[in-house]
Amino acid sequence: IPLDQSPATVTVISSEDIEHKQIQRVSDALREVPGLTVVQTGTAGQLTSVFMRGLPSQDMQVLVDGIPINQGLSGAMNFADITTDDIDRIEVVRGPQSALYGPHALAGVIQIFTKQGAGTPGVMVASEGGSYDSFREWGQSDGKIGDFDYSVAGSRLDTDNDRPNNNYRNTAGIANVGWSPDQQLRLGSLFTYSFSDTGNPNTIFDPRPIDHFYTERWLIGPRIDWKPVEWWDHKLIVSYDHERQINDPNEDGFTGPTRALFERTQVDYQNNLRPTSWLTLTSGFYYSRINSGQERPFVSQAFGPQPTFIGDHTQEMAG
């Protein structure tokens, strides 16, 4: 709906805004949004959290094309590696939205919408460089060929920053593809992938010259959007995402290298019935299962037998 008709406090960041300001990461785009505080623990690639109206980051729901992407069992969100590749707009809704978006939306919602191909296919490629051996290459293509639409983008960022072992490498790719036999139905899917390598130099008094942190994420989200008549529409999304983190050699001096794993399966169905212009009846169901664990292969056994793997899972169902 138009912004002036929304009962909530909403901010929309368009792709034109992102392009004009040459914003590379979503966290930088959110810095100018009222009511949001962006905290980054160091240089590019370090932990980046967003707080909405002073509440903890796990109380803010983050979605990509309707798919929740909050991380871990706690539901917090690290924005360090989320680039602006192939983004059509970012919508920020401040205030409690749990009735619509679930328990993580106590503070509000940030939803990222990717571009959907339309018109004649086109291609854009670019590259730039700067201080501290900083280089960035990226490209994007979108369009529609017959009943098939696509929008794909990828980027690579390399920088050494200004200290030893403070480098950041990030590779990211995203695709939104779909098939529409008519104007009422679209079968599509979202694909995302990112891999980052971050150096952890620690303080100048206790340097760590070889400590690195690796994060790999990917997501696949097939969906069906069906609108048989003007006053009735359906949406079904089935998604699976996987995250792997490795801290090697983890120079804390106690646990040694660590590996964390996170995987999630989600099913989200919704249909909206509009019998009149002033009434919408919404129904549906939601399912989510999260498995999370951490492997610690070199835990000290000096204090007795210690577990080398710890894990847990959560499961949510709603109607």
# chains A, B, ... in the order shown; residues from 1 in each chain; ligands from 1

$ residues_around --residues "Thr37 in chain A" --least-positions-apart "2" --cutoff "9 Å" --atoms "only C-alpha atoms" --output "PyMOL selection string"
chain A and resi 30-31+33-35+39+49-54

$ write_last_selection --atoms "C-alpha atoms" --output "tab-separated table (two decimals), in the first residue's frame"
chain	number	residue	atom	x	y	z
A	30	LEU	CA	20.22	1.39	7.38
A	31	ARG	CA	22.40	3.98	9.14
A	33	VAL	CA	16.89	5.28	8.98
A	34	PRO	CA	15.29	6.99	12.02
A	35	GLY	CA	14.98	4.76	15.09
A	39	VAL	CA	26.93	-0.92	15.67
A	49	SER	CA	24.35	-5.42	14.65
A	50	VAL	CA	21.26	-3.29	14.13
A	51	PHE	CA	19.11	-2.20	17.06
A	52	MET	CA	15.62	-0.83	16.51
A	53	ARG	CA	14.22	1.67	19.03
A	54	GLY	CA	16.72	0.46	21.64

$ residues_around --residues "Asp133 in chain A" --least-positions-apart "3" --cutoff "9 Å" --atoms "only C-alpha atoms" --output "PyMOL selection string"
chain A and resi 129-130+158-161

$ write_last_selection --atoms "N, CA, C and O atoms" --output "PDB file, in the first residue's frame"
ATOM      1  N   GLY A 129      38.819   0.447  -7.236  1.00  0.00           N
ATOM      2  CA  GLY A 129      39.919   0.141  -6.329  1.00  0.00           C
ATOM      3  C   GLY A 129      40.280   1.347  -5.489  1.00  0.00           C
ATOM      4  O   GLY A 129      39.886   2.483  -5.796  1.00  0.00           O
ATOM      5  N   GLY A 130      41.010   1.107  -4.399  1.00  0.00           N
ATOM      6  CA  GLY A 130      41.383   2.205  -3.518  1.00  0.00           C
ATOM      7  C   GLY A 130      42.523   1.823  -2.597  1.00  0.00           C
ATOM      8  O   GLY A 130      43.277   0.883  -2.860  1.00  0.00           O
ATOM      9  N   ASP A 158      37.755  -7.201  -1.781  1.00  0.00           N
ATOM     10  CA  ASP A 158      39.024  -7.525  -1.127  1.00  0.00           C
ATOM     11  C   ASP A 158      39.601  -6.242  -0.554  1.00  0.00           C
ATOM     12  O   ASP A 158      39.701  -5.232  -1.256  1.00  0.00           O
ATOM     13  N   THR A 159      39.993  -6.274   0.715  1.00  0.00           N
ATOM     14  CA  THR A 159      40.687  -5.148   1.323  1.00  0.00           C
ATOM     15  C   THR A 159      41.566  -5.657   2.454  1.00  0.00           C
ATOM     16  O   THR A 159      41.192  -6.591   3.179  1.00  0.00           O
ATOM     17  N   ASP A 160      42.743  -5.064   2.593  1.00  0.00           N
ATOM     18  CA  ASP A 160      43.663  -5.437   3.675  1.00  0.00           C
ATOM     19  C   ASP A 160      43.472  -4.570   4.907  1.00  0.00           C
ATOM     20  O   ASP A 160      44.063  -4.859   5.960  1.00  0.00           O
ATOM     21  N   ASN A 161      42.683  -3.484   4.788  1.00  0.00           N
ATOM     22  CA  ASN A 161      42.535  -2.515   5.874  1.00  0.00           C
ATOM     23  C   ASN A 161      43.913  -2.018   6.311  1.00  0.00           C
ATOM     24  O   ASN A 161      44.910  -2.239   5.613  1.00  0.00           O
TER      25      ASN A 161
END

$ closest_residue --among "A:Gln24, A:Thr43, A:Asn165, A:Thr11" --to "Ile87 in chain A" --atoms "only C-alpha atoms"
A:Gln24

$ closest_residue --among "A:Ser277, A:Thr203, A:Ser27, A:Ser98" --to "Met77 in chain A" --atoms "only C-alpha atoms"
A:Ser27

$ atom_distance --atom1 "CA of Val238 in chain A" --atom2 "CA of Tyr287 in chain A"
9.5 Å

$ closest_residue --among "A:Asp162, A:Asp182, A:Asp85, A:Asp248" --to "Gly139 in chain A" --atoms "only C-alpha atoms"
A:Asp85

$ atom_distance --atom1 "CA of Asp312 in chain A" --atom2 "CA of Glu295 in chain A"
12.2 Å

$ closest_residue --among "A:Phe148, A:Tyr101, A:Trp232, A:Phe113" --to "Thr280 in chain A" --atoms "only C-alpha atoms"
A:Trp232

$ closest_residue --among "A:Thr83, A:Gln184, A:Thr114, A:Ser57" --to "Glu230 in chain A" --atoms "only C-alpha atoms"
A:Gln184

$ closest_residue --among "A:His242, A:Pro2, A:Gly188, A:Gln183" --to "Pro228 in chain A" --atoms "only C-alpha atoms"
A:Gln183

$ select_by_dssp --residues "range 48-257 of chain A" --states "strand (DSSP E or B)" --output "number ranges by chain"
A: 48-52, 60-64, 67-68, 71, 76, 83, 87-94, 108-114, 122-130, 134-145, 148-159, 168-182, 185-199, 212-229, 232-248

$ atom_distance --atom1 "CA of Ile112 in chain A" --atom2 "CA of Tyr168 in chain A"
23.9 Å

$ residues_around --residues "Pro121 in chain A" --least-positions-apart "4" --cutoff "12 Å" --atoms "only C-alpha atoms" --output "PyMOL selection string"
chain A and resi 116-117+140-146+148-152

$ residues_around --residues "Gln266 in chain A" --least-positions-apart "5" --cutoff "12 Å" --atoms "only C-alpha atoms" --output "PyMOL selection string"
chain A and resi 66-69+219-223+236-242+285-291+314-318
